[in-house]
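Undergrad: Structure in structure tokens, see below.
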Amino acid sequence: MSRRLAGPRLRPDLAWQVHQGAAIVYVVWFAVAVPLAVAGLLLEPRWVGWMVLAWFLVLIGFTLALRIADGRRRRAWAEAAGQLGWRVSATEAELLDRWPFPPFDADPKAEVADVTSGRHRGREFWTGRFRHKVGRRELGFDFVDLHVERPLPPLQVLPAGLAPVAAASFLPLPLTVDGLPGQYRLFNGREDHALAVLHPRAVEALADVPAFGFSCEGRRFVAILPAYRDATTALAQLDAACDLLDLMPEQIWRAGEQWAATQSSAD
């Protein structure tokens, strides 16, 4: 029996903002600093300055610790990619043109970064980080674009925790999937297609890795994952995404071919 990898401790949107040094970090700092200063004035006014300074140093230490951890994750991934013969690049802007469907088409100023490309289990893939604006917030997630030989119908399925970073402006339909922890939601496509993709064998392949979702349309299949994963988790989720495609039911491929035929006739 395989050991299930632990999921992220923070909700993906909060984790993104914390790692990016967004305003929420400083709001939390001030929310603690103000009552700390008030308590200091009431108890021992001479120590107020030192208490606030100590709390400021905690913020600096926390920020440095995040930067060091992020650097270690990048180095570990670069080392793993190098050993597997994959190519790491800063960005590949042309990837954005491959995804004319949700959630990648909502922000015209979206960017991709930290892209790795190569072959895994016989499939070409591209993986990296997607940054976009959701409302007024700058958010992002990791992606894995896997090559598919036949078209797929439009579909976007996400665990509830990923919705704020990858589908915040869409109204979901709850999905009941036995065997998967947590709630999954359908943001694009047909419910019967989503449930057909998440059949028992596919659920078994997904159950041992932290939850992730996917978006597909035509000859594009993109797994959507929380950012700031370690190399072990990233490799395990890459395998699980390949499993999901390998186990794709024939009825979904046929539905994709029918959808592609209607698009061709419409053009």
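Scheme for the structure tokens: letters A, B, ... for chains in order shown; per-chain residue numbers from 1; ligand numbers from 1 in order shown.
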Counting only C-alpha atoms, which residues of range 68-126 of chain A sit at most 12 Å from some atom of range 156-176 of chain A, and what is each one's closest atom pair with its distance in Å to one decimal, listed by chain and rising residue number, as JSON lines?

TA:
```
{"residue": "A:Phe101", "atom": "CA", "partner": "A:Gln156", "partner_atom": "CA", "distance": 9.3}
{"residue": "A:Pro102", "atom": "CA", "partner": "A:Gln156", "partner_atom": "CA", "distance": 7.5}
{"residue": "A:Pro103", "atom": "CA", "partner": "A:Ala166", "partner_atom": "CA", "distance": 5.9}
{"residue": "A:Phe104", "atom": "CA", "partner": "A:Ala166", "partner_atom": "CA", "distance": 8.5}
{"residue": "A:Asp105", "atom": "CA", "partner": "A:Ala167", "partner_atom": "CA", "distance": 11.1}
{"residue": "A:Ala106", "atom": "CA", "partner": "A:Ser169", "partner_atom": "CA", "distance": 9.0}
{"residue": "A:Asp107", "atom": "CA", "partner": "A:Ser169", "partner_atom": "CA", "distance": 11.2}
```

Undergrad: If you run DSSP over the backbone, which residues in range 17-260 of chain A end up helix (DSSP H, G or I)? Put them as a count of residues only.

TA: 117

Undergrad: Report, in Å to a single decimal, how far apart CA of Gly179 in chain A and CA of Ala196 in chain A are.

TA: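 One can read the CA of Ala196 in chain A to CA of Gly179 in chain A distance as 14.2 Å.
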
Undergrad: Residues near Gly82 in chain A, anyone? I mean within 12 Å using only C-alpha atoms, not counting same-chain ones fewer than 5 positions away, as an MDAnalysis selection string.

TA: chainID A and resid 75:77 87:89 116:118

Undergrad: Let me make sure I understand: among A:Arg254, A:Arg119, A:Arg220, A:Arg229, which one has the smallest atom-to-atom distance to Asp97 in chain A if we use only C-alpha atoms?

TA: A:Arg220
